[in-house]
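J.: So I've got this file, run-v6.csv, and it contains CSV, C-alpha atoms:
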chain,number,residue,atom,x,y,z
A,1,MET,CA,-67.8,65.6,-51.1
A,2,PHE,CA,-64.5,67.3,-51.7
A,3,LYS,CA,-65.1,67.2,-55.4
A,4,THR,CA,-68.4,69.0,-55.0
A,5,ILE,CA,-66.8,71.6,-52.7
A,6,LEU,CA,-64.0,72.3,-55.3
A,7,GLU,CA,-66.6,72.6,-58.1
A,8,VAL,CA,-68.6,75.1,-56.0
A,9,ALA,CA,-65.4,77.0,-55.1
A,10,TYR,CA,-64.4,77.2,-58.8
A,11,LYS,CA,-67.8,78.6,-59.8
A,12,ASN,CA,-67.9,81.1,-57.0
A,13,ALA,CA,-64.3,82.3,-57.6
A,14,PHE,CA,-65.3,83.4,-61.1
A,15,LEU,CA,-68.9,84.3,-60.4
A,16,ARG,CA,-68.2,88.0,-60.5
A,17,LYS,CA,-66.2,87.9,-63.8
A,18,SER,CA,-65.2,91.6,-63.9
A,19,ARG,CA,-63.9,91.4,-60.3
A,20,ALA,CA,-62.0,88.2,-60.9
A,21,ILE,CA,-60.5,89.5,-64.2
A,22,LEU,CA,-59.2,92.6,-62.5
A,23,LEU,CA,-57.6,90.6,-59.7
A,24,ILE,CA,-56.0,88.2,-62.1
A,25,LEU,CA,-54.7,91.1,-64.2
A,26,MET,CA,-53.2,92.7,-61.1
A,27,ILE,CA,-51.5,89.5,-60.0
A,28,GLY,CA,-50.3,88.7,-63.5
A,29,LEU,CA,-48.9,92.1,-64.3
A,30,SER,CA,-47.2,92.4,-60.9
A,31,MET,CA,-45.7,89.0,-61.1
A,32,GLY,CA,-44.6,89.4,-64.7
A,33,ILE,CA,-42.8,92.6,-64.0
A,34,MET,CA,-41.2,91.2,-60.9
A,35,VAL,CA,-39.9,88.1,-62.7
A,36,GLY,CA,-38.7,90.3,-65.6
A,37,LEU,CA,-36.7,92.5,-63.2
A,38,GLU,CA,-35.3,89.6,-61.4
A,39,GLY,CA,-34.1,88.0,-64.7
A,40,LEU,CA,-32.7,91.3,-65.9
A,41,TYR,CA,-30.7,91.9,-62.7
A,42,ASN,CA,-29.4,88.4,-62.6
A,43,GLY,CA,-28.6,88.6,-66.3
A,44,MET,CA,-26.6,91.8,-65.8
A,45,TYR,CA,-24.6,90.1,-63.0
A,46,VAL,CA,-24.1,86.9,-65.1
A,47,HIS,CA,-22.9,88.9,-68.1
A,48,MET,CA,-20.5,91.0,-66.0
A,49,ILE,CA,-19.0,87.8,-64.6
A,50,ASP,CA,-18.8,86.2,-68.0
A,51,LYS,CA,-17.1,89.2,-69.6
A,52,SER,CA,-14.6,89.6,-66.7
A,53,MET,CA,-13.7,85.9,-67.0
A,54,ARG,CA,-13.3,86.0,-70.7
A,55,SER,CA,-11.2,89.2,-70.7
A,56,ASP,CA,-9.0,88.5,-67.8
A,57,SER,CA,-8.7,85.6,-65.3
A,58,GLY,CA,-11.0,82.9,-66.4
A,59,GLU,CA,-12.3,80.6,-63.6
A,60,ILE,CA,-8.8,80.2,-62.2
A,61,ALA,CA,-5.6,82.3,-62.6
A,62,LEU,CA,-2.0,81.7,-61.7
A,63,TYR,CA,0.7,84.3,-60.7
A,64,ALA,CA,4.2,84.3,-59.5
A,65,LYS,CA,4.5,84.9,-55.8
A,66,GLN,CA,4.5,88.6,-54.8
A,67,TYR,CA,3.3,89.7,-58.3
A,68,ARG,CA,-0.3,90.5,-57.2
A,69,LEU,CA,1.1,92.4,-54.2
A,70,GLU,CA,3.8,94.5,-56.0
A,71,ASN,CA,2.7,94.3,-59.6
A,72,ASP,CA,6.4,94.1,-60.7
A,73,ILE,CA,7.7,92.4,-63.9
A,74,LYS,CA,10.5,90.8,-61.9
A,75,TYR,CA,7.9,88.5,-60.3
A,76,ARG,CA,7.0,86.5,-63.4
A,77,ILE,CA,6.4,82.9,-64.3
A,78,GLU,CA,9.3,81.3,-66.1
A,79,ASN,CA,8.9,78.5,-68.6
A,80,SER,CA,5.2,79.3,-68.9
A,81,GLU,CA,4.8,77.1,-72.0
A,82,ILE,CA,5.5,73.9,-70.1
A,83,LYS,CA,3.2,74.9,-67.3
A,84,VAL,CA,0.4,75.7,-69.8
A,85,GLU,CA,0.8,72.2,-71.4
A,86,ARG,CA,0.6,70.5,-68.0
A,87,LEU,CA,-2.5,72.5,-67.0
A,88,ALA,CA,-4.3,71.8,-70.3
A,89,LYS,CA,-4.1,68.0,-69.5
A,90,LEU,CA,-6.0,68.3,-66.2
A,91,SER,CA,-9.6,67.1,-66.0
A,92,GLY,CA,-12.1,69.9,-66.1
A,93,VAL,CA,-9.8,72.4,-67.8
A,94,ASP,CA,-11.2,73.7,-71.1
A,95,PHE,CA,-8.5,76.1,-72.2
A,96,VAL,CA,-5.3,77.7,-70.9
A,97,LEU,CA,-3.5,80.8,-72.0
A,98,ARG,CA,-0.7,83.1,-70.8
A,99,ARG,CA,-0.3,86.8,-70.8
A,100,LEU,CA,2.6,89.2,-70.1
A,101,GLN,CA,1.8,92.5,-68.4
A,102,VAL,CA,3.7,95.6,-67.3
A,103,GLU,CA,2.7,98.9,-65.8
A,104,GLY,CA,3.7,102.2,-67.5
A,105,LEU,CA,2.6,105.5,-68.9
A,106,ALA,CA,0.7,106.1,-72.2
A,107,GLN,CA,1.2,109.5,-73.8
A,108,THR,CA,0.1,111.5,-76.8
A,109,ALA,CA,1.1,115.0,-77.8
A,110,THR,CA,-1.3,116.5,-75.4
A,111,LYS,CA,-2.4,113.9,-72.9
A,112,SER,CA,-0.9,111.2,-70.6
A,113,ASN,CA,-2.5,108.5,-68.5
A,114,PRO,CA,-1.3,105.5,-66.4
A,115,ALA,CA,-1.6,102.4,-68.5
A,116,LYS,CA,-0.5,98.8,-68.7
A,117,VAL,CA,0.7,96.8,-71.7
A,118,ILE,CA,-0.8,93.4,-71.9
A,119,GLY,CA,1.0,91.0,-74.2
A,120,ILE,CA,-1.5,88.5,-75.7
A,121,ASP,CA,-1.7,85.8,-78.4
A,122,LEU,CA,-4.7,86.9,-80.4
A,123,LYS,CA,-5.7,83.4,-81.6
A,124,ASP,CA,-5.5,82.1,-78.0
A,125,GLU,CA,-7.6,85.0,-76.7
A,126,GLU,CA,-10.3,84.3,-79.3
A,127,LYS,CA,-10.4,80.7,-78.2
A,128,PHE,CA,-10.3,81.6,-74.5
A,129,GLY,CA,-12.9,84.3,-74.5
A,130,LYS,CA,-14.1,85.3,-78.0
A,131,PHE,CA,-11.9,88.4,-78.0
A,132,SER,CA,-13.6,89.7,-81.1
A,133,ASP,CA,-16.8,90.3,-79.1
A,134,PHE,CA,-14.9,93.1,-77.3
A,135,LEU,CA,-14.1,95.0,-80.5
A,136,LYS,CA,-15.8,98.5,-80.4
A,137,SER,CA,-14.1,100.0,-83.5
A,138,GLY,CA,-11.2,99.3,-85.8
A,139,GLU,CA,-9.9,95.9,-86.8
A,140,LEU,CA,-8.2,93.1,-84.9
A,141,ASN,CA,-5.0,93.2,-86.8
A,142,PHE,CA,-1.8,94.3,-85.0
A,143,GLY,CA,0.2,94.8,-88.2
A,144,LYS,CA,3.5,96.8,-87.6
A,145,ASN,CA,3.6,98.6,-84.3
A,146,GLY,CA,-0.2,98.3,-83.9
A,147,ILE,CA,-2.0,98.1,-80.6
A,148,PHE,CA,-5.5,97.7,-79.2
A,149,VAL,CA,-6.6,100.3,-76.6
A,150,GLY,CA,-9.2,100.1,-73.9
A,151,SER,CA,-12.3,102.3,-74.5
A,152,GLU,CA,-12.0,104.4,-71.4
A,153,LEU,CA,-8.2,104.9,-71.9
A,154,ALA,CA,-9.0,106.0,-75.5
A,155,LYS,CA,-11.4,108.6,-74.1
A,156,ASN,CA,-9.0,109.9,-71.5
A,157,LEU,CA,-6.2,110.3,-74.1
A,158,LYS,CA,-8.6,111.5,-76.8
A,159,ILE,CA,-7.3,109.1,-79.3
A,160,LYS,CA,-9.0,107.3,-82.2
A,161,ILE,CA,-8.1,104.7,-84.8
A,162,GLY,CA,-4.8,105.6,-86.4
A,163,SER,CA,-3.6,107.8,-83.5
A,164,LYS,CA,0.0,107.6,-82.3
A,165,VAL,CA,0.7,106.6,-78.7
A,166,ILE,CA,4.0,106.5,-76.8
A,167,PHE,CA,4.2,103.9,-74.0
A,168,THR,CA,7.0,104.2,-71.4
A,169,THR,CA,7.9,101.7,-68.8
A,170,GLN,CA,10.7,100.2,-66.8
A,171,ASP,CA,12.0,96.9,-68.2
A,172,SER,CA,13.4,94.0,-66.3
A,173,ASN,CA,16.9,95.5,-66.3
A,174,LEU,CA,15.5,98.6,-64.6
A,175,GLU,CA,16.1,100.7,-67.7
A,176,ILE,CA,13.6,103.1,-69.2
A,177,ALA,CA,12.0,101.5,-72.2
A,178,SER,CA,9.8,103.4,-74.7
A,179,VAL,CA,8.0,102.5,-77.8
A,180,ALA,CA,5.9,104.4,-80.4
A,181,LEU,CA,2.6,102.6,-81.2
A,182,ARG,CA,-0.3,103.1,-83.6
A,183,VAL,CA,-3.9,102.5,-82.5
A,184,LYS,CA,-5.6,99.8,-84.6
A,185,ALA,CA,-8.7,99.0,-82.5
A,186,ILE,CA,-10.7,100.2,-79.5
A,187,ILE,CA,-11.6,97.4,-77.1
A,188,GLN,CA,-14.5,97.5,-74.6
A,189,THR,CA,-14.6,94.5,-72.2
A,190,SER,CA,-16.8,96.0,-69.5
A,191,ASN,CA,-13.9,95.2,-67.1
A,192,ILE,CA,-13.1,98.6,-65.6
A,193,GLY,CA,-9.4,97.9,-65.0
A,194,LEU,CA,-8.8,96.9,-68.6
A,195,ASP,CA,-11.0,99.5,-70.3
A,196,GLU,CA,-9.4,102.3,-68.3
A,197,ARG,CA,-5.7,101.3,-68.6
A,198,GLY,CA,-5.4,98.4,-71.1
A,199,ILE,CA,-3.0,98.5,-74.1
A,200,TYR,CA,-2.8,95.2,-76.0
A,201,LEU,CA,0.3,94.1,-77.8
A,202,PRO,CA,1.5,90.8,-79.3
A,203,ARG,CA,3.1,88.9,-76.5
A,204,GLU,CA,6.5,88.5,-78.2
A,205,ARG,CA,6.6,92.3,-78.8
A,206,ALA,CA,5.7,92.9,-75.2
A,207,ALA,CA,8.4,90.6,-74.1
A,208,ALA,CA,11.0,92.5,-76.2
A,209,LEU,CA,9.8,95.8,-74.6
A,210,MET,CA,10.1,94.4,-71.1
A,211,ALA,CA,13.5,92.7,-71.9
A,212,VAL,CA,12.3,89.3,-70.7
A,213,ASP,CA,12.3,85.8,-72.2
A,214,PRO,CA,9.4,85.4,-74.6
A,215,ASN,CA,8.4,82.2,-72.7
A,216,SER,CA,7.7,84.3,-69.6
A,217,ALA,CA,4.3,85.2,-68.3
A,218,THR,CA,2.8,87.3,-65.6
A,219,GLN,CA,-0.5,85.5,-65.7
A,220,ILE,CA,-1.8,82.1,-66.7
A,221,ALA,CA,-5.5,82.0,-67.0
A,222,ILE,CA,-7.8,78.9,-67.1
A,223,ARG,CA,-11.3,78.3,-68.4
A,224,SER,CA,-12.9,75.4,-66.7
A,225,ASP,CA,-16.3,73.6,-66.9
A,226,SER,CA,-15.7,71.9,-63.6
A,227,GLU,CA,-18.4,72.3,-61.0
A,228,GLU,CA,-15.8,71.8,-58.2
A,229,ILE,CA,-13.6,74.8,-58.9
A,230,ALA,CA,-12.2,74.7,-55.3
A,231,LEU,CA,-11.0,71.1,-55.8
A,232,LEU,CA,-9.4,72.0,-59.1
A,233,GLN,CA,-7.7,75.0,-57.4
A,234,GLU,CA,-6.2,72.7,-54.8
A,235,GLN,CA,-5.0,70.3,-57.4
A,236,ILE,CA,-3.2,73.1,-59.3
A,237,LYS,CA,-1.7,74.4,-56.0
A,238,GLY,CA,-0.3,70.9,-55.4
A,239,LEU,CA,1.0,70.9,-59.0
A,240,PHE,CA,2.7,74.3,-58.8
A,241,PRO,CA,3.4,75.1,-55.1
A,242,ASN,CA,5.7,78.0,-56.0
A,243,LEU,CA,2.8,79.9,-57.7
A,244,GLU,CA,-0.2,81.7,-56.3
A,245,VAL,CA,-3.5,80.3,-57.5
A,246,TYR,CA,-6.7,82.3,-57.3
A,247,THR,CA,-10.3,81.6,-58.2
A,248,PHE,CA,-12.3,84.2,-60.0
A,249,MET,CA,-14.3,85.3,-56.9
A,250,GLU,CA,-11.0,85.7,-55.0
A,251,LEU,CA,-9.8,88.1,-57.6
A,252,TYR,CA,-13.1,89.9,-57.9
A,253,PRO,CA,-14.7,90.1,-54.4
A,254,GLN,CA,-16.7,93.2,-55.4
A,255,LEU,CA,-18.8,91.1,-57.8
A,256,LYS,CA,-19.7,88.8,-54.9
A,257,GLN,CA,-20.8,91.9,-52.9
A,258,MET,CA,-22.8,93.1,-55.9
A,259,GLN,CA,-24.6,89.7,-56.0
A,260,SER,CA,-25.5,90.0,-52.4
A,261,MET,CA,-26.9,93.5,-53.0
A,262,MET,CA,-28.9,92.3,-55.9
A,263,ASP,CA,-30.3,89.4,-53.9
A,264,ILE,CA,-31.5,91.9,-51.2
A,265,PHE,CA,-33.0,94.1,-53.9
A,266,ASN,CA,-34.8,91.1,-55.5
A,267,ALA,CA,-36.1,90.0,-52.0
A,268,ILE,CA,-37.5,93.5,-51.4
A,269,THR,CA,-39.2,93.6,-54.8
A,270,PHE,CA,-40.5,90.1,-54.2
A,271,THR,CA,-41.9,91.0,-50.8
A,272,ILE,CA,-43.6,94.2,-52.2
A,273,VAL,CA,-45.3,92.3,-55.0
A,274,MET,CA,-46.5,89.5,-52.6
A,275,ILE,CA,-48.0,92.1,-50.3
A,276,VAL,CA,-49.9,93.6,-53.3
A,277,VAL,CA,-51.1,90.1,-54.2
A,278,PHE,CA,-52.1,89.5,-50.6
A,279,ILE,CA,-54.1,92.7,-50.4
A,280,GLY,CA,-55.7,92.1,-53.7
A,281,ILE,CA,-56.9,88.6,-52.9
A,282,LEU,CA,-58.0,89.7,-49.4
A,283,GLY,CA,-60.1,92.5,-50.8
A,284,VAL,CA,-61.8,90.3,-53.4
A,285,MET,CA,-62.5,87.5,-51.0
A,286,TYR,CA,-63.7,89.8,-48.2
A,287,VAL,CA,-66.2,91.5,-50.5
A,288,SER,CA,-67.2,88.1,-52.0
A,289,ILE,CA,-67.9,86.7,-48.5
A,290,LEU,CA,-69.9,89.8,-47.5
A,291,ASP,CA,-72.1,89.3,-50.6
A,292,ARG,CA,-72.7,85.7,-49.5
A,293,ILE,CA,-72.9,86.2,-45.7
A,294,ARG,CA,-76.6,85.0,-45.6
A,295,GLU,CA,-75.7,81.9,-47.6
A,296,PHE,CA,-73.0,80.9,-45.1
A,297,GLY,CA,-75.3,81.7,-42.2
A,298,ILE,CA,-77.9,79.3,-43.6
A,299,LEU,CA,-75.3,76.6,-44.2
A,300,LEU,CA,-74.1,76.8,-40.7
A,301,SER,CA,-77.6,76.8,-39.3
A,302,ILE,CA,-78.5,73.5,-41.0
A,303,GLY,CA,-75.3,71.8,-39.6
A,304,TYR,CA,-72.9,72.3,-42.5
A,305,ALA,CA,-69.4,71.9,-41.0
A,306,TYR,CA,-67.3,75.0,-40.7
A,307,ARG,CA,-64.3,73.1,-42.0
A,308,TYR,CA,-66.0,72.5,-45.4
A,309,ILE,CA,-66.6,76.3,-45.7
A,310,ARG,CA,-63.0,76.9,-44.9
A,311,ILE,CA,-61.9,74.5,-47.6
A,312,GLN,CA,-64.2,76.2,-50.1
A,313,ILE,CA,-63.0,79.7,-49.3
A,314,ILE,CA,-59.3,78.7,-49.5
A,315,SER,CA,-60.0,76.9,-52.8
A,316,GLU,CA,-61.6,80.0,-54.2
A,317,ALA,CA,-58.6,82.1,-53.2
A,318,PHE,CA,-56.2,79.5,-54.7
A,319,PHE,CA,-58.1,79.4,-58.0
A,320,LEU,CA,-57.9,83.2,-58.3
A,321,GLY,CA,-54.2,83.2,-57.3
A,322,PHE,CA,-53.3,80.4,-59.6
A,323,ALA,CA,-55.0,82.0,-62.6
A,324,GLY,CA,-53.0,85.2,-61.8
A,325,TYR,CA,-49.9,83.1,-61.5
A,326,LEU,CA,-50.5,81.5,-65.0
A,327,LEU,CA,-50.9,84.9,-66.6
A,328,GLY,CA,-47.9,86.3,-64.7
A,329,SER,CA,-45.8,83.3,-65.8
A,330,LEU,CA,-46.7,83.9,-69.4
A,331,ILE,CA,-46.0,87.7,-69.2
A,332,GLY,CA,-42.7,87.1,-67.3
A,333,PHE,CA,-41.6,84.4,-69.8
A,334,LEU,CA,-42.3,86.6,-72.8
A,335,LEU,CA,-40.5,89.5,-71.2
A,336,LEU,CA,-37.4,87.4,-70.3
A,337,SER,CA,-37.4,85.7,-73.7
A,338,TYR,CA,-37.3,89.1,-75.4
A,339,MET,CA,-34.7,90.6,-73.2
A,340,LYS,CA,-32.6,87.4,-73.4
A,341,ILE,CA,-32.5,87.6,-77.2
A,342,TYR,CA,-32.6,91.4,-77.9
A,343,GLY,CA,-31.6,92.8,-74.5
A,344,LEU,CA,-32.7,96.1,-73.0
A,345,ASP,CA,-31.0,99.0,-74.8
A,346,LEU,CA,-29.9,101.7,-72.4
A,347,SER,CA,-27.6,103.5,-74.8
A,348,MET,CA,-28.7,106.9,-73.4
A,349,PHE,CA,-27.0,106.0,-70.1
A,350,ALA,CA,-24.1,104.2,-71.8
A,351,GLU,CA,-21.3,106.5,-70.5
A,352,GLY,CA,-22.4,106.2,-66.9
A,353,MET,CA,-23.0,102.4,-67.1
A,354,GLU,CA,-19.6,101.8,-68.8
A,355,SER,CA,-17.9,103.7,-66.0
A,356,PHE,CA,-19.3,101.0,-63.6
A,357,GLY,CA,-18.2,98.2,-65.8
A,358,MET,CA,-21.7,97.5,-67.3
A,359,SER,CA,-22.7,97.2,-70.9
A,360,SER,CA,-25.2,99.6,-72.3
A,361,THR,CA,-27.4,96.7,-73.4
A,362,LEU,CA,-28.6,94.5,-70.6
A,363,TYR,CA,-29.6,90.9,-71.2
A,364,ALA,CA,-31.8,88.7,-69.0
A,365,THR,CA,-31.5,85.1,-67.9
A,366,ILE,CA,-34.3,82.6,-67.6
A,367,GLU,CA,-34.3,80.4,-64.5
A,368,SER,CA,-37.0,78.0,-63.4
A,369,THR,CA,-36.4,79.2,-59.8
A,370,TYR,CA,-38.1,82.5,-60.7
A,371,PHE,CA,-41.4,80.8,-61.4
A,372,ILE,CA,-41.2,78.1,-58.7
A,373,SER,CA,-40.5,80.5,-55.8
A,374,THR,CA,-43.3,82.8,-57.1
A,375,PHE,CA,-45.7,79.9,-57.3
A,376,PHE,CA,-45.2,79.0,-53.6
A,377,ALA,CA,-45.3,82.6,-52.6
A,378,ILE,CA,-48.7,83.1,-54.4
A,379,VAL,CA,-50.1,80.0,-52.8
A,380,ILE,CA,-49.0,81.2,-49.3
A,381,ALA,CA,-50.4,84.7,-50.0
A,382,SER,CA,-53.7,83.2,-51.2
A,383,VAL,CA,-54.0,81.1,-48.0
A,384,LEU,CA,-53.1,84.0,-45.7
A,385,SER,CA,-55.4,86.4,-47.4
A,386,VAL,CA,-58.5,84.4,-46.5
A,387,ILE,CA,-57.8,84.2,-42.7
A,388,PRO,CA,-59.6,87.5,-41.9
A,389,PRO,CA,-62.7,86.5,-43.9
A,390,LEU,CA,-62.7,83.1,-42.4
A,391,ARG,CA,-62.6,84.5,-38.9
A,392,LYS,CA,-65.6,86.6,-39.7
A,393,ILE,CA,-67.5,83.5,-40.9
A,394,LYS,CA,-66.5,81.6,-37.8
A,395,LYS,CA,-67.9,84.3,-35.5
A,396,LEU,CA,-71.2,84.3,-37.3
A,397,ASN,CA,-74.5,83.8,-35.4
A,398,PRO,CA,-76.6,82.0,-38.0
A,399,VAL,CA,-79.9,83.1,-36.4
A,400,GLU,CA,-79.0,86.8,-36.4
A,401,VAL,CA,-77.6,86.7,-39.9
A,402,ILE,CA,-80.8,85.1,-41.3
A,403,ARG,CA,-83.0,87.6,-39.3
A,404,ASP,CA,-81.0,90.6,-40.5
A,405,ALA,CA,-81.0,89.4,-44.1
A,406,GLY,CA,-84.7,88.9,-44.0
Kindly present the structure from the file in structure tokens form.
T.:
Amino acid sequence: MFKTILEVAYKNAFLRKSRAILLILMIGLSMGIMVGLEGLYNGMYVHMIDKSMRSDSGEIALYAKQYRLENDIKYRIENSEIKVERLAKLSGVDFVLRRLQVEGLAQTATKSNPAKVIGIDLKDEEKFGKFSDFLKSGELNFGKNGIFVGSELAKNLKIKIGSKVIFTTQDSNLEIASVALRVKAIIQTSNIGLDERGIYLPRERAAALMAVDPNSATQIAIRSDSEEIALLQEQIKGLFPNLEVYTFMELYPQLKQMQSMMDIFNAITFTIVMIVVFIGILGVMYVSILDRIREFGILLSIGYAYRYIRIQIISEAFFLGFAGYLLGSLIGFLLLSYMKIYGLDLSMFAEGMESFGMSSTLYATIESTYFISTFFAIVIASVLSVIPPLRKIKKLNPVEVIRDAG
């Protein structure tokens, strides 16, 4: 019996081919665009996190007590090499590096801007976060007195490759230290703090400028593949109780807020699309039932159970919704695949996007949850959309329907 009902429902769903095709196209295009937007927004967020981790803190970062509060070179980590070696042996730790940072003033002949020198080991930075990916122009070779400059800082100082920059700071002896440097590369990390103020030096040269032990560090950053970052954080706190240990989200709470905003925006987009799907299926099913109102009246008059009609109508709506879902999944997958590989180029808005820490090319992510949640939403929308038509059928007076039709 149920097999026959499903066969009839399938044939009736696609009886008016032009009407069914239009509905399927509407559902498919709406869903495809929605899934594409969701993947693009999530991809933008994921890539922002990835670049921030690679360019700065990793999943976990260690600092001397008071350093984050006062940002003073006197609060630094001594014997950092030994600590790095101990951290590298922990389970779940992929790579560890150390950096040496000091605040100061960058100057050219006509401009000046607050800046910070970041002492790095270039080979370690490449292993830690593929530092070469951040190269915007120039070459990654410090040479003699060479530096790499953040892209926004370069704009503010109006400097280019080969320009001379004077950096002035206060060293650990509270003396004014100054050094003349030559720009060898422009770096763009999409990390606003680094792009606006970052000047990269070899760590040994930075230590000499600050008058500190070359084995000192202001930050030790850790890349980890552990799924239990909080447990690893507690383990490191127990290992180094005199240091402050932060996870990435503790250092960048604004990104967590951004994720919440994107979740809300995706939920609003999702709701709008589902309402469109609901209205579309409702319209098609309502018109289809009106076309067959005499048929249903006759069935009811000869004792055909209402529950069988209900199953048939719900099945018709499901077949149409599912067909739209399949088309939408294909469109969404193709859109996401393209944007994952090639990205969405928004170079015309590059300046504004970079000022918010976003790359001018946005890349999407592909997650199964996009398609699973949409499937259940379309099933629910299909079922709900047939409630008004079913109520109309339930209220039918078979005798009057047959008489009026005749």
J.: Taking 5 positions as the minimum chain separation for residues in the same chain, which residues sit within 7 Å of Leu320 (chain A) when counting all atoms listed in the file? Answer as a PyMOL selection string.
T.: chain A and resi 13+20+24
J.: Which region 203-238 of chain A residues have any atom within 7 Å of an atom of region 85-92 of chain A, and for each, what is the nearest pair of atoms with distance in Å to one decimal, counting only C-alpha atoms, rows sorted by chain and number, as a Markdown table?
T.:
| residue | atom | partner | partner_atom | distance |
| --- | --- | --- | --- | --- |
| A:Ser224 | CA | A:Gly92 | CA | 5.6 |
| A:Asp225 | CA | A:Gly92 | CA | 5.7 |
| A:Ser226 | CA | A:Gly92 | CA | 4.8 |
J.: Name the residues in contact with Ser216 (chain A) at a cut-off of 12 Å, using all atoms listed in the file, excluding same-chain residues fewer than 6 positions from it; report them as a list of chain:residue names.
T.: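 Contacts, with the query itself left out: A:Tyr63, A:Ala64, A:Ile73, A:Lys74, A:Tyr75, A:Arg76, A:Ile77, A:Glu78, A:Asn79, A:Ser80, A:Glu81, A:Ile82, A:Lys83, A:Val84, A:Leu97, A:Arg98, A:Arg99, A:Leu100, A:Gln101, A:Gly119, A:Ile120, A:Ser172, A:Arg203, A:Glu204, A:Ala206, A:Ala207, A:Ala208, A:Met210.
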J.: Within 6 Å of (-27.8, 95.6, -73.7) (file coordinates; all atoms listed in the file), which protein or nucleic acid residues are there? I'd like them as an MDAnalysis selection string.
T.: chainID A and resid 343:345 360:363
J.: When you count all atoms listed in the file, which of these residues is closest to Lys3 (chain A): A:Leu157, A:Leu122, A:Ile311, A:Val245?
T.: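 Smallest separation from Lys3 (chain A) among the options: A:Ile311.
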J.: I need the residue nearest Asn145 (chain A) from this list: A:Ile159, A:Arg205, A:Leu105, A:Val93. Use only C-alpha atoms for the distance.
T.: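 Going through A:Ile159, A:Arg205, A:Leu105, A:Val93 one by one, the smallest distance to Asn145 (chain A) is for A:Arg205.
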J.: When distances are computed from all atoms listed in the file, which of A:Lys184, A:Ser112, A:Leu384, A:Phe95 shows the smallest separation from Ser137 (chain A)?
T.: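 Of all the options, A:Lys184 lies closest to Ser137 (chain A).
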J.: Give as a list in words every residue, naming chains and numbers as the document does, that has an atom within 12 Å of (-25.8, 87.5, -73.8), counting all atoms listed in the file.
T.: Leu40, Asn42, Gly43, Met44, Tyr45, Val46, His47, Met48, Ile49, Asp50, Lys51, Asp133, Ser337, Tyr338, Met339, Lys340, Ile341, Tyr342, Gly343, Leu344, Ser359, Thr361, Leu362, Tyr363, Ala364, Thr365 and Ile366 of chain A
J.: Between CA of Ala323 (chain A) and CA of Leu23 (chain A), measure the distance and give it in Å to one decimal.
T.: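 Interatomic distance, CA of Ala323 (chain A) to CA of Leu23 (chain A): 9.4 Å.
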J.: How many Å separate CA of Gly143 (chain A) from CA of Pro202 (chain A)?
T.: 9.8 Å
J.: I need the residue nearest Met274 (chain A) from this list: A:Pro388, A:Val117, A:Asp291, A:Ser373. Use all atoms listed in the file for the distance.
T.: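 Smallest separation from Met274 (chain A) among the options: A:Ser373.
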J.: Using all atoms listed in the file, find the one residue out of A:Val212, A:Ala221, A:Val379, A:Leu135 that sits nearest to Ala185 (chain A).
T.: A:Leu135
J.: What is the CA of Ala61 (chain A) to CA of Thr247 (chain A) distance in Å?
T.: 6.5 Å
J.: Tell me which of A:Leu346, A:Ile222, A:Ile314, A:Val102 sits closest to Ile60 (chain A), counting only C-alpha atoms.
T.: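 So, comparing all the options, the nearest one is A:Ile222.
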J.: What's the 7 Å shell around Asp171 (chain A), counting all atoms listed in the file, without same-chain residues fewer than 6 positions away, as number ranges by chain?
T.: A: 177, 209-211
J.: Quick test: take region 141-159 of chain A, keep C-alpha atoms, and write it as an mmCIF file, in the first residue's frame.
T.:
data_model
loop_
_atom_site.group_PDB
_atom_site.id
_atom_site.type_symbol
_atom_site.label_atom_id
_atom_site.label_comp_id
_atom_site.auth_asym_id
_atom_site.auth_seq_id
_atom_site.Cartn_x
_atom_site.Cartn_y
_atom_site.Cartn_z
ATOM 1 C CA ASN A 141 67.223 38.130 3.383
ATOM 2 C CA PHE A 142 68.269 40.406 6.221
ATOM 3 C CA GLY A 143 71.822 40.961 4.986
ATOM 4 C CA LYS A 144 73.658 43.788 6.767
ATOM 5 C CA ASN A 145 71.342 46.086 8.761
ATOM 6 C CA GLY A 146 68.350 44.744 6.835
ATOM 7 C CA ILE A 147 64.810 44.651 8.208
ATOM 8 C CA PHE A 148 61.351 43.495 7.212
ATOM 9 C CA VAL A 149 58.546 46.028 7.742
ATOM 10 C CA GLY A 150 54.815 45.539 8.237
ATOM 11 C CA SER A 151 52.718 46.627 5.242
ATOM 12 C CA GLU A 152 50.649 49.264 7.093
ATOM 13 C CA LEU A 153 53.731 50.690 8.794
ATOM 14 C CA ALA A 154 55.397 50.973 5.383
ATOM 15 C CA LYS A 155 52.368 52.934 4.125
ATOM 16 C CA ASN A 156 52.353 55.246 7.139
ATOM 17 C CA LEU A 157 56.077 55.978 6.819
ATOM 18 C CA LYS A 158 55.852 56.086 3.003
ATOM 19 C CA ILE A 159 58.804 53.756 2.618
#
